[in-house]
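Enquirer: Here it is, the structure, as structure tokens.
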Amino acid sequence: MSLILKGQPVVQKIKNKIKEDVYELKQKGLKPTLGIIRMGERPDDIAYEKGILKNCISVGIGSKVFEIDRKASMNELTKLITRVNEDINIHGILIFRPLPDHIDVEIIRTLISPQKDIDCMNPINLEKVFKGDMDGLVPCTPKAVIEILKHYDYSLLGSNVAVINSSLVVGRPLSMMLLGEKATPTICHSKTRELQKITSSSDIVVTAVGKAKLFGAEYFSEKNIVIDVGINDDGEGSICGDVDYYKVENKVKAITPVPGGVGSVTTAILLSHVIKSCKNLHNE
């Protein structure tokens, strides 16, 4: 029977630390506050927003939503971001994506203050990761992967890790973070040859391709620790990961569930970045 690497214990540990930090900062007259920028009222955005706001309340972080029409111009969005950047009472900025087609996302990335960029959109923060500087605001999902592995006491030192994702959002920054832990990552993608051989022989396998139940039992062995980053619609009204969980769970050494795994930890990491930003902005 595989060990199920549930996200909730990791989330609780992160939240407990956040609460301690919030208390200490409030003693100094500071209230860590998240600024959410949302264009329009997409149902997915509204649902995500409700979840984020609920989590903020649970740990004592303040929040403020800056809503702008989805048809608003690039200039209008630019002005809003500048205003939130300059607001001394906002310590972290989260912009809901995807943005409308008429918005130049690459320009938006550079506009967000690097010090408030809790989702690591600004290239300056990403560049730090690729230079080996992990002390700043790093991408939340890769950080969640690392935190789960550490929480369950899996040593990354010398471990062979197959990362099935080559994007700048997950795969590449995660590989840099793994290198920082002295692991040996192998970045895999759709053109990778002998993928089953690579995954089954790795100590850790991280899947993040966004395709429901793509990876069956043939990709894994009894030695694998599987971290499933995928969040997909299974076609039957439920959420599932990239891994065919029920065909794999009894074969591998350990596996994260979907839902209840990486996603919940990612949200907690996001909130912890608000604390980090607040401390940095006030030299705490």
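Note on naming: chains are A, B, ... as they come in the structure tokens, residues start from 1 per chain, ligands start from 1 in the order shown.
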Give me, as CSV, each residue of segment 189-283 of chain A that comes within 8 Å of segment 90-100 of chain A, together with its shortest interatomic pair and the distance in Å at one decimal, counting only C-alpha atoms, with rows ordered by chain and rising residue number.
Expert:
residue,atom,partner,partner_atom,distance
A:His273,CA,A:Gly92,CA,7.4
A:Val274,CA,A:Gly92,CA,5.0
A:Ile275,CA,A:His91,CA,7.9
A:Ser277,CA,A:His91,CA,5.7
A:Cys278,CA,A:His91,CA,5.2
A:Leu281,CA,A:His91,CA,7.4
Enquirer: Leaving out Ile18 of chain A and any residue of its chain fewer than 5 positions from it, which residues lie within 9 Å of it when counting only C-alpha atoms, given as a list in words?
Expert: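 These residues fall inside the cut-off: Lys13, Tyr23, Val59, Gly60, Ile61, Leu271, Ser272 and Ile275 of chain A.
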Enquirer: So which residues of segment 45-85 of chain A fall under strand (DSSP E) by DSSP, listed as a list in words?
Expert: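 So the strand (DSSP E) residues in segment 45-85 of chain A would be Gly62, Ser63, Lys64, Val65, Phe66, Glu67 and Ile68 of chain A.
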Enquirer: Between A:Ile187, A:Val163, A:Ile148, A:Ile118, single out the one closest to Lys6 of chain A, counting only C-alpha atoms.
Expert: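 Closest residue, counting only C-alpha atoms: A:Ile148.
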Enquirer: Give me, as an NGL selection string, all polymer residues having an atom no more than 9 Å from Thr267 of chain A, counting only C-alpha atoms and skipping those fewer than 4 positions away in the same chain.
Expert: :A and (11 or 52 or 55 or 140-141 or 144 or 262-263 or 271-272)
Enquirer: Near Lys26 of chain A, counting only C-alpha atoms, which residues have an atom at most 12 Å away, once you skip same-chain residues fewer than 2 positions from it, shown as number ranges by chain?
Expert: A: 19-24, 28-33, 60-62, 275, 278-279
Enquirer: In Å, rounded to a single decimal, give me how far atom CA of Lys182 of chain A is from atom CA of Pro142 of chain A.
Expert: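 Computing the Euclidean distance for atom CA of Pro142 of chain A and atom CA of Lys182 of chain A yields 15.4 Å.
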Enquirer: Closest to Asn125 of chain A among A:Ser190, A:Ser221, A:Ser264, A:Thr110, using only C-alpha atoms?
Expert: A:Thr110
Enquirer: Between A:Ser63, A:Asn224, A:Asn160, A:Ser155, which has the minimum distance to Ser200 of chain A (counting only C-alpha atoms)?
Expert: A:Asn224
Enquirer: Glu86 of chain A: which residues within 12 Å, counting only C-alpha atoms, same-chain residues fewer than 2 positions away excluded, as a VMD selection string?
Expert: chain A and resid 35 79 to 84 88 to 93 111 to 113 115 to 116 281
Enquirer: Any chance you could tabulate, as a tab-separated table, the residues of segment 142-206 of chain A at most 12 Å from segment 227-248 of chain A with each one's nearest atom pair and distance in Å to one decimal, using only C-alpha atoms, in chain and rising number order?
Expert:
residue	atom	partner	partner_atom	distance
A:Pro142	CA	A:Val229	CA	9.1
A:Lys143	CA	A:Val229	CA	11.6
A:Ala144	CA	A:Val229	CA	9.5
A:Val145	CA	A:Ile227	CA	7.1
A:Ile146	CA	A:Ile227	CA	9.8
A:Glu147	CA	A:Ile227	CA	11.3
A:Ile148	CA	A:Ile227	CA	8.7
A:Leu149	CA	A:Ile227	CA	8.7
A:Val161	CA	A:Ile227	CA	10.4
A:Ala162	CA	A:Ile227	CA	10.2
A:Val163	CA	A:Ile227	CA	9.5
A:Ile164	CA	A:Val229	CA	9.9
A:Asn165	CA	A:Val229	CA	9.9
A:Val169	CA	A:Val229	CA	11.8
A:Val170	CA	A:Val229	CA	9.1
A:Gly171	CA	A:Val229	CA	10.5
A:Leu174	CA	A:Val229	CA	11.7
A:Thr199	CA	A:Ile227	CA	11.8
A:Ser200	CA	A:Val248	CA	11.9
A:Asp203	CA	A:Ile227	CA	11.1
A:Ile204	CA	A:Ile227	CA	7.6
A:Val205	CA	A:Ile227	CA	6.1
A:Val206	CA	A:Ile227	CA	4.7
Enquirer: Which of segment 212-248 of chain A counts as alpha helix (DSSP H) under DSSP, as JSON, numbers by chain please?
Expert: {"A": [245, 246, 247, 248]}
Enquirer: Expressed in Å to a single decimal, how great is the separation between atom CA of Ala183 of chain A and atom CA of Leu5 of chain A?
Expert: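 The value is 19.8 Å.
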Enquirer: Please measure the separation of atom CA of Val258 of chain A and atom CA of Met121 of chain A, giving the value in Å to one decimal.
Expert: 25.0 Å
Enquirer: Using only C-alpha atoms, which of A:Ala268, A:Leu137, A:Thr78, A:Phe66 sits nearest Gly51 of chain A?
Expert: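 The shortest atom-to-atom distance to Gly51 of chain A comes from A:Ala268.
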Enquirer: So which residues touch Gly7 of chain A within 6 Å, counting only C-alpha atoms, skipping near sequence neighbours fewer than 5 positions away, as a list in words?
Expert: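 Contacts, in chain order: Gly260, Gly261 and Val265 of chain A.
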Enquirer: If you keep C-alpha atoms, can you produce a file of those selected residues as a CSV table (one decimal), in the first residue's frame?
Expert:
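Result saved to again-v9.csv:
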chain,number,residue,atom,x,y,z
A,260,GLY,CA,-5.9,17.5,-1.5
A,261,GLY,CA,-2.3,17.5,-2.5
A,265,VAL,CA,0.0,23.7,-0.4
Enquirer: Please list as a list in words every residue within 10 Å of Lys251 of chain A, counting only C-alpha atoms and excluding residues in the same chain fewer than 5 positions away.
Expert: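 Here the qualifying residues turn out to be Met1, Ser2, Ala217, Glu218, Phe220, Ser221, Glu222, Lys223, Asn224 and Tyr246 of chain A.
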Enquirer: Those residues with C-alpha atoms, as a PDB file, in the first residue's frame please?
Expert:
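Just written: part.pdb:
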ATOM      1  CA  MET A   1       0.000   0.000   0.000  1.00  0.00           C
ATOM      2  CA  SER A   2       1.414   3.378  -1.009  1.00  0.00           C
ATOM      3  CA  ALA A 217       0.880   2.067 -13.847  1.00  0.00           C
ATOM      4  CA  GLU A 218       3.306   1.321 -16.699  1.00  0.00           C
ATOM      5  CA  PHE A 220       5.993   3.720 -12.396  1.00  0.00           C
ATOM      6  CA  SER A 221       7.769   1.267 -10.108  1.00  0.00           C
ATOM      7  CA  GLU A 222       7.724   0.381  -6.415  1.00  0.00           C
ATOM      8  CA  LYS A 223      10.602   2.820  -5.739  1.00  0.00           C
ATOM      9  CA  ASN A 224       8.796   5.946  -7.039  1.00  0.00           C
ATOM     10  CA  TYR A 246      -6.450   4.304  -8.612  1.00  0.00           C
TER      11      TYR A 246
END
